[in-house]
Structure formats: structure tokens, C-alpha cells
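Undergrad: One structure follows; several queries about it will come next.
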Amino acid sequence: MKLPKELKDKSDLGGSAKNRECSIQGCGEVAIRSLSENAWKNYVENSGLKYNKNSRHKIYLCKIHYSQSNKYRKSQEKNFQKKGFLDDSIAVRKGKWDF
């Protein structure tokens, strides 16, 4: 019989109880995030950080390094953000109905 999530010990949960070190070279802090290497590799490298690769294809980041790479990720996503549909429709309407 499975116990509800609230009654389980934290040690029973898979990855949350493990204390992993940050994957960034020269950092020995405890990691707070484990991120997919495929999704975050470019963000981490382009933010100026070098990380140690592991066999699980995960990047473990401490709080400081996660905030650095997340700032870079958000700045890149802001550049490729879609415009609102109202802005596009007004531009089309002006061109189509303007005689």
C-alpha cells in the first residue's frame, strides 16, 4: 500500500534527498536544481560558465549559478517572444482597408 505524499519521509523520495555538488568547475556548493543537459547546455555555456559533464546528462546548479544562467535564458526568450495578435491584426487591417 502506498502512503500519501504528505506522510512519506523525505529520504524515501528519489532525487530530492541527495546532496549533490554544483556541476560548475571550481564550485563546491550544494546544488538546488538538476536540469536537463539537452535543454540547458547552451544557456549555461553562453552565460560564461563551464560545467563538468556526467553520465546522467544532468547539470546540477547551485543558487548563484542557476540565477546567472536563468537570467541569460530569460534575456534570450525575451528576444524571441511572440507579439500579441492585436498588434498584428491592426497592422494588417490598416494595409488592407486603407484606400
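Residue numbering restarts at 1 for every chain of the C-alpha cells, chains are lettered A, B, ... in their displayed order, and ligands are numbered from 1 as they appear.
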Residues within 7 Å of Glu37 of chain A, please, as a list in words. Count only C-alpha atoms; anything in the same chain fewer than 2 positions from it doesn't count.
TA: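 So, after excluding close chain neighbours, the residues are Leu35, Ala39, Trp40, Lys41, His57, Lys58 and Ile59 of chain A.
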Undergrad: Cys27 of chain A: which residues within 10 Å, counting only C-alpha atoms, same-chain residues fewer than 6 positions away excluded, as an MDAnalysis selection string?
TA: chainID A and resid 21 51 61:62 65
Undergrad: Just write the chosen residues, C-alpha atoms, as a short mmCIF file (atom, residue, chain, number, x, y, z; two decimals), in the first residue's frame.
TA:
data_model
loop_
_atom_site.label_atom_id
_atom_site.label_comp_id
_atom_site.auth_asym_id
_atom_site.auth_seq_id
_atom_site.Cartn_x
_atom_site.Cartn_y
_atom_site.Cartn_z
CA GLU A 21 27.53 19.37 -5.72
CA TYR A 51 30.41 22.63 -16.28
CA LEU A 61 23.47 24.08 -10.30
CA CYS A 62 23.72 25.96 -7.03
CA HIS A 65 24.92 29.74 -10.94
#
Undergrad: Need to verify the contact set: Ile24 of chain A, 7 Å, only C-alpha atoms, exclusion of same-chain residues closer than 5 positions in sequence. Can you return it as a list in words?
TA: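 Final neighbour list, sorted by chain and number: Leu49, Lys50, Tyr51 and Asn52 of chain A.
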Undergrad: Got a sec: who's within 12 Å of segment 71-77 of chain A, counting only C-alpha atoms, leaving out chain neighbours fewer than 4 positions off, as a VMD selection string?
TA: chain A and resid 39 to 49 64 to 67 81 to 82
Undergrad: Quick one: pull the distance between atom CA of Arg20 of chain A and atom CA of Ser36 of chain A, Å, one decimal.
TA: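 Between these atoms lies a distance of 15.0 Å.
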Undergrad: Using only C-alpha atoms, which residue out of A:Asn54, A:Lys2, A:Tyr60, A:Asn38 lies closest to Cys22 of chain A?
TA: A:Tyr60
Undergrad: To one decimal place in Å, what is the distance between atom CA of Val30 of chain A and atom CA of Lys63 of chain A?
TA: 8.5 Å
Undergrad: Using atom CA of Arg56 of chain A and atom CA of Glu29 of chain A as the two end points, give the distance in Å to one decimal.
TA: 19.5 Å
